[in-house]
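Listing of target-v8.tsv; format and content: TSV, C-alpha atoms and all ligand atoms.
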```
chain	number	residue	atom	x	y	z
R	1101	MET	CA	-21.02	19.25	20.02
R	1102	SER	CA	-20.95	21.95	17.40
R	1103	GLN	CA	-21.82	21.05	13.85
R	1104	THR	CA	-19.20	21.22	11.15
R	1105	LEU	CA	-19.58	23.87	8.46
R	1106	PHE	CA	-19.82	21.27	5.72
R	1107	THR	CA	-19.61	17.54	5.26
R	1108	LEU	CA	-16.55	15.86	3.76
R	1109	PRO	CA	-16.87	13.01	1.28
R	1110	LYS	CA	-17.26	9.77	3.17
R	1111	ILE	CA	-14.19	7.55	3.42
R	1112	PRO	CA	-15.19	3.93	2.78
R	1113	GLY	CA	-14.68	1.28	5.46
R	1114	ILE	CA	-12.82	-1.83	4.35
R	1115	PRO	CA	-14.88	-5.05	4.50
R	1116	VAL	CA	-13.48	-7.78	6.78
R	1117	LYS	CA	-14.29	-11.41	5.96
R	1118	GLY	CA	-16.70	-12.81	8.53
R	1119	GLU	CA	-17.51	-9.39	10.06
R	1120	ALA	CA	-20.63	-7.33	9.52
R	1121	ALA	CA	-18.79	-4.12	10.42
R	1122	THR	CA	-16.08	-2.61	8.23
R	1123	TYR	CA	-12.56	-1.44	9.17
R	1124	PRO	CA	-12.38	2.38	9.21
R	1125	ILE	CA	-9.42	3.93	7.42
R	1126	GLY	CA	-7.26	6.17	9.61
R	1127	ARG	CA	-3.70	6.74	8.48
R	1128	ILE	CA	-2.02	5.06	5.52
R	1129	PHE	CA	1.72	4.40	5.81
R	1130	CYS	CA	3.62	2.98	2.84
R	1131	VAL	CA	7.05	1.34	2.91
R	1132	GLY	CA	9.42	2.27	0.08
R	1133	ARG	CA	11.81	-0.12	-1.69
R	1134	ASN	CA	10.98	-3.24	0.27
R	1135	TYR	CA	11.73	-5.78	-2.49
R	1136	ALA	CA	15.33	-5.74	-3.76
R	1137	ALA	CA	14.41	-6.47	-7.40
R	1138	HIS	CA	11.97	-3.53	-7.44
R	1139	ALA	CA	14.55	-1.18	-5.90
R	1140	ALA	CA	16.97	-2.28	-8.63
R	1141	GLU	CA	14.46	-1.70	-11.46
R	1142	MET	CA	13.96	1.83	-10.09
R	1143	GLY	CA	17.71	2.42	-10.18
R	1144	ASN	CA	18.19	2.35	-6.40
R	1145	GLU	CA	20.19	0.31	-3.98
R	1146	VAL	CA	18.42	-1.05	-0.95
R	1147	ASP	CA	19.16	0.84	2.25
R	1148	ARG	CA	19.49	-1.90	4.84
R	1149	GLU	CA	19.99	0.54	7.69
R	1150	ALA	CA	16.27	1.25	8.20
R	1151	PRO	CA	13.00	1.16	6.28
R	1152	PHE	CA	11.57	4.43	4.97
R	1153	TYR	CA	8.01	5.57	4.48
R	1154	PHE	CA	5.66	7.89	2.70
R	1155	THR	CA	1.98	8.39	3.47
R	1156	LYS	CA	-1.25	8.57	1.56
R	1157	SER	CA	-4.35	10.45	2.66
R	1158	ALA	CA	-7.31	8.38	3.83
R	1159	ALA	CA	-9.38	10.67	1.59
R	1160	ASN	CA	-7.59	9.13	-1.40
R	1161	ALA	CA	-8.53	5.54	-0.50
R	1162	ILE	CA	-11.03	3.46	-2.47
R	1163	LEU	CA	-12.23	-0.12	-2.40
R	1164	SER	CA	-11.41	-2.94	-4.79
R	1165	GLY	CA	-13.72	-3.29	-7.78
R	1166	GLU	CA	-14.01	0.39	-8.58
R	1167	THR	CA	-13.60	2.10	-11.92
R	1168	VAL	CA	-11.66	5.38	-11.76
R	1169	PRO	CA	-10.47	7.91	-14.35
R	1170	TYR	CA	-6.83	8.11	-15.40
R	1171	PRO	CA	-5.50	10.85	-13.11
R	1172	PRO	CA	-4.41	14.34	-14.19
R	1173	GLY	CA	-0.78	15.43	-14.13
R	1174	THR	CA	0.89	12.27	-15.35
R	1175	GLU	CA	1.85	10.46	-18.51
R	1176	ASN	CA	3.21	7.44	-16.66
R	1177	PHE	CA	0.67	6.14	-14.15
R	1178	HIS	CA	1.91	2.91	-12.54
R	1179	TYR	CA	0.46	0.01	-10.57
R	1180	GLU	CA	2.18	-1.37	-7.44
R	1181	MET	CA	0.72	-4.56	-5.98
R	1182	GLU	CA	1.22	-4.78	-2.20
R	1183	LEU	CA	0.38	-6.67	0.97
R	1184	ALA	CA	-1.49	-4.35	3.36
R	1185	LEU	CA	-1.82	-4.87	7.07
R	1186	ALA	CA	-4.31	-3.33	9.43
R	1187	ILE	CA	-3.39	-2.37	12.98
R	1188	GLY	CA	-5.85	-3.58	15.61
R	1189	LYS	CA	-4.23	-2.57	18.91
R	1190	PRO	CA	-2.20	0.41	20.09
R	1191	ALA	CA	1.53	-0.08	19.52
R	1192	PHE	CA	4.20	2.37	20.64
R	1193	ARG	CA	7.89	1.46	20.78
R	1194	VAL	CA	7.10	-2.24	20.55
R	1195	PRO	CA	9.89	-4.80	20.12
R	1196	ARG	CA	9.63	-7.19	17.17
R	1197	ALA	CA	8.33	-10.02	19.34
R	1198	GLN	CA	5.30	-7.95	20.40
R	1199	ALA	CA	4.67	-6.42	17.00
R	1200	TRP	CA	2.51	-9.32	15.79
R	1201	ASP	CA	-0.03	-8.63	18.55
R	1202	ALA	CA	-0.82	-5.30	16.90
R	1203	VAL	CA	-1.91	-6.83	13.57
R	1204	TYR	CA	-5.65	-7.18	13.14
R	1205	ALA	CA	-5.91	-8.22	9.49
R	1206	TYR	CA	-4.22	-8.48	6.09
R	1207	GLY	CA	-5.36	-7.71	2.57
R	1208	CYS	CA	-4.38	-7.01	-1.00
R	1209	ALA	CA	-3.73	-3.36	-1.85
R	1210	LEU	CA	-2.65	-1.23	-4.79
R	1211	ASP	CA	-0.32	1.76	-4.42
R	1212	MET	CA	-1.11	3.61	-7.66
R	1213	THR	CA	1.67	6.05	-8.52
R	1214	ARG	CA	2.40	8.96	-10.88
R	1215	ARG	CA	5.83	7.52	-11.69
R	1216	ASP	CA	6.96	10.50	-13.77
R	1217	GLN	CA	6.16	12.90	-10.91
R	1218	GLN	CA	7.67	10.62	-8.28
R	1219	ILE	CA	10.95	10.32	-10.18
R	1220	ARG	CA	11.06	14.07	-10.78
R	1221	GLU	CA	10.49	14.70	-7.06
R	1222	ARG	CA	13.00	12.04	-6.06
R	1223	ASP	CA	15.70	13.41	-8.37
R	1224	LYS	CA	15.16	16.95	-7.06
R	1225	LYS	CA	15.21	15.63	-3.46
R	1226	ARG	CA	11.66	16.86	-2.92
R	1227	PRO	CA	8.76	15.11	-1.15
R	1228	TRP	CA	6.85	12.48	-3.16
R	1229	ASP	CA	3.31	13.74	-2.56
R	1230	LEU	CA	2.38	14.53	-6.17
R	1231	GLY	CA	3.75	11.17	-7.21
R	1232	LYS	CA	2.19	9.12	-4.46
R	1233	ASP	CA	-0.75	10.82	-2.73
R	1234	VAL	CA	-2.89	10.64	-5.85
R	1235	GLU	CA	-6.70	10.73	-5.70
R	1236	ASP	CA	-8.16	7.19	-5.69
R	1237	SER	CA	-4.62	5.76	-5.46
R	1238	ALA	CA	-4.80	3.66	-2.28
R	1239	VAL	CA	-6.96	0.68	-3.21
R	1240	PHE	CA	-7.98	-1.95	-0.66
R	1241	ALA	CA	-9.51	-5.41	-1.09
R	1242	PRO	CA	-11.52	-7.00	1.75
R	1243	PHE	CA	-9.38	-7.95	4.74
R	1244	THR	CA	-8.79	-11.36	6.31
R	1245	ARG	CA	-8.20	-11.43	10.06
R	1246	ALA	CA	-4.73	-12.33	11.31
R	1247	SER	CA	-6.22	-15.29	13.18
R	1248	GLU	CA	-7.12	-16.80	9.79
R	1249	TRP	CA	-4.10	-15.93	7.63
R	1250	SER	CA	-0.40	-15.32	8.15
R	1251	PRO	CA	2.25	-13.91	5.82
R	1252	GLU	CA	4.22	-17.09	5.24
R	1253	GLU	CA	7.21	-16.75	2.98
R	1254	ASP	CA	5.95	-18.98	0.18
R	1255	ARG	CA	2.80	-16.90	-0.38
R	1256	ARG	CA	2.74	-15.68	-3.95
R	1257	ILE	CA	2.04	-12.00	-4.69
R	1258	HIS	CA	0.92	-11.49	-8.25
R	1259	LEU	CA	-0.55	-8.81	-10.52
R	1260	GLU	CA	-2.10	-9.01	-13.97
R	1261	VAL	CA	-3.01	-6.22	-16.37
R	1262	ASN	CA	-5.75	-7.32	-18.79
R	1263	GLY	CA	-4.93	-10.93	-17.94
R	1264	GLU	CA	-1.19	-10.64	-18.55
R	1265	THR	CA	1.19	-11.26	-15.62
R	1266	LYS	CA	3.24	-8.19	-14.70
R	1267	GLN	CA	4.36	-8.79	-11.10
R	1268	ASP	CA	5.07	-12.23	-9.67
R	1269	ALA	CA	7.02	-12.81	-6.45
R	1270	THR	CA	6.65	-14.33	-3.01
R	1271	LEU	CA	6.55	-12.72	0.42
R	1272	ALA	CA	9.98	-14.28	1.05
R	1273	GLU	CA	11.36	-11.34	-0.94
R	1274	LEU	CA	10.20	-8.75	1.61
R	1275	ILE	CA	13.36	-7.04	2.87
R	1276	TRP	CA	11.79	-5.59	6.01
R	1277	LYS	CA	9.46	-8.15	7.53
R	1278	ILE	CA	6.05	-7.31	8.98
R	1279	ASP	CA	7.21	-7.35	12.61
R	1280	GLU	CA	10.30	-5.26	11.80
R	1281	ILE	CA	8.21	-2.63	10.04
R	1282	ILE	CA	5.72	-2.35	12.91
R	1283	SER	CA	8.45	-2.25	15.52
R	1284	HIS	CA	10.37	0.43	13.61
R	1285	LEU	CA	7.35	2.59	12.71
R	1286	SER	CA	6.09	2.39	16.31
R	1287	GLY	CA	9.19	4.32	17.32
R	1288	PHE	CA	7.83	7.32	15.44
R	1289	TYR	CA	4.06	7.01	15.74
R	1290	HIS	CA	1.61	5.82	18.33
R	1291	LEU	CA	0.19	3.15	16.05
R	1292	ARG	CA	-3.49	2.56	16.68
R	1293	PRO	CA	-6.55	0.87	15.18
R	1294	GLY	CA	-7.31	2.43	11.80
R	1295	ASP	CA	-3.65	2.62	10.82
R	1296	LEU	CA	-2.81	0.75	7.64
R	1297	ILE	CA	0.62	-0.21	6.36
R	1298	LEU	CA	1.37	-1.01	2.72
R	1299	THR	CA	4.48	-3.14	2.77
R	1300	GLY	CA	6.01	-2.34	-0.63
R	1301	THR	CA	5.85	-3.79	-4.13
R	1302	PRO	CA	7.83	-6.48	-5.93
R	1303	ALA	CA	9.58	-5.98	-9.28
R	1304	GLY	CA	7.60	-5.59	-12.49
R	1305	VAL	CA	5.91	-2.23	-11.97
R	1306	GLY	CA	4.72	-0.55	-15.12
R	1307	PRO	CA	2.25	1.82	-16.74
R	1308	VAL	CA	-1.50	1.49	-17.12
R	1309	MET	CA	-3.78	3.15	-19.64
R	1310	ALA	CA	-7.45	4.02	-19.88
R	1311	GLY	CA	-9.41	0.83	-20.40
R	1312	ASP	CA	-6.96	-1.37	-18.48
R	1313	ARG	CA	-8.15	-3.76	-15.82
R	1314	LEU	CA	-5.81	-4.70	-12.97
R	1315	THR	CA	-6.23	-7.89	-10.96
R	1316	GLY	CA	-3.96	-8.66	-8.02
R	1317	ARG	CA	-3.69	-11.70	-5.82
R	1318	ILE	CA	-1.85	-12.88	-2.72
R	1319	ASP	CA	-2.31	-16.57	-1.89
R	1320	GLY	CA	-5.16	-17.06	0.57
R	1321	LEU	CA	-6.42	-13.45	0.55
R	1322	ASP	CA	-9.32	-11.88	-1.34
R	1323	PRO	CA	-8.16	-10.63	-4.76
R	1324	ILE	CA	-8.10	-6.96	-5.72
R	1325	SER	CA	-9.21	-5.29	-8.93
R	1326	LEU	CA	-9.25	-1.82	-10.44
R	1327	THR	CA	-10.40	-0.53	-13.82
R	1328	LEU	CA	-9.22	2.71	-15.43
R	1329	THR	CA	-11.32	4.87	-17.72
R	1330	GLU	CA	-10.47	7.90	-19.84
R	1331	ALA	CA	-9.04	10.98	-18.11
R	1332	GLU	CA	-11.62	13.61	-17.14
R	1401	MN	MN	4.47	1.13	-3.06
```

Starting from the coordinates I provided, produce the structure as structure tokens.
Amino acid sequence: MSQTLFTLPKIPGIPVKGEAATYPIGRIFCVGRNYAAHAAEMGNEVDREAPFYFTKSAANAILSGETVPYPPGTENFHYEMELALAIGKPAFRVPRAQAWDAVYAYGCALDMTRRDQQIRERDKKRPWDLGKDVEDSAVFAPFTRASEWSPEEDRRIHLEVNGETKQDATLAELIWKIDEIISHLSGFYHLRPGDLILTGTPAGVGPVMAGDRLTGRIDGLDPISLTLTEAE
């Protein structure tokens, strides 16, 4: 094996409750507009033909509890509270009924977004990378294995900024369900362990500022937090 010319910053592994080892981050897929009320607040209608996706780099992932600077290139940095799922088995062209077998674990996640950039990109029909693939923007709380938790419809998904409720919904509002997303995405990718899927955010997204502390919860899962400091 030849050595690499230099060493990249280490990507953190996500803790899993009850496991000594962490879950390594491979690819990060994100579902867009998966709660009708959020699609509406963004001025969009829900496309019920098929889900759509964008991706975030694993290099831009961080763990819950961190403090990060307000990012450059935005004046409207938004939180999006989401349910994340972690793939644990290869899945390629799987029907819905088999999709559940591919899920290893679930956790709380944040999809932090340069909303001004994303809207500019969207309106110009350009890719969303500057809006979405932001440094430190994919935030993961510790995972709970699928054998110990399931995404029942009455589970509440909730986000507070400095103690004030901003997002409050249940998983019943998910338009594309977990098994539908996996089945659909597995038609385009050979899903494999290390792949993470963020399943979209409910209504109530909004801006954060330096000094803000975000706390997100989904019933039965470990909570997630993030603190923002002044821009560099
Ligand atoms: Mn999102």

Q | Exercise: segment 1312-1317 of chain R partners within 8 Å, only C-alpha atoms, chain neighbours under 2 positions left out, as a list in words | A |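 Listed by chain and then number, they are Met1181, Cys1208, Arg1256, Ile1257, His1258, Leu1259, Glu1260, Val1261, Asn1262, Gly1263, Val1308, Met1309, Ala1310, Asp1319, Leu1321, Asp1322, Pro1323, Ile1324, Ser1325, Leu1326, Thr1327, Leu1328 and Thr1329 of chain R.
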
**Request:** Kindly work out which residues sit at most 8 Å from ligand MN 1401 (chain R), using only C-alpha atoms and all ligand atoms, and give the list as number ranges by chain.
**Result:** R: 1130-1133, 1180-1182, 1210-1213, 1298-1301

Output C-alpha atoms for every residue in the selection just made, as a compact mmCIF listing (two decimals), keeping the file's coordinate frame.
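Result saved to part-v9.txt:
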```
# COMPACT_ATOMS: atom_id res chain seq x y z
CA CYS R 1130 3.62 2.98 2.84
CA VAL R 1131 7.05 1.34 2.91
CA GLY R 1132 9.42 2.27 0.08
CA ARG R 1133 11.81 -0.12 -1.69
CA GLU R 1180 2.18 -1.37 -7.44
CA MET R 1181 0.72 -4.56 -5.98
CA GLU R 1182 1.22 -4.78 -2.20
CA LEU R 1210 -2.65 -1.23 -4.79
CA ASP R 1211 -0.32 1.76 -4.42
CA MET R 1212 -1.11 3.61 -7.66
CA THR R 1213 1.67 6.05 -8.52
CA LEU R 1298 1.37 -1.01 2.72
CA THR R 1299 4.48 -3.14 2.77
CA GLY R 1300 6.01 -2.34 -0.63
CA THR R 1301 5.85 -3.79 -4.13
```

Atom CA of Asp1223 of chain R to atom CA of Lys1277 of chain R measures 27.5 Å

Proximity check segment 1234-1266 of chain R to segment 1156-1161 of chain R, 6 Å, nearest pairs one decimal Å, all atoms listed in the file, as a tab-separated table:
```
residue	atom	partner	partner_atom	distance
R:Glu1235	CA	R:Asn1160	CA	4.7
R:Asp1236	CA	R:Asn1160	CA	4.7
R:Ala1238	CA	R:Ala1161	CA	4.5
R:Val1239	CA	R:Ala1161	CA	5.8
```

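Across R:Lys1232, R:Arg1222, R:His1178, R:Arg1255, the tightest approach to Phe1129 of chain R is made by R:Lys1232 when counting all atoms listed in the file.
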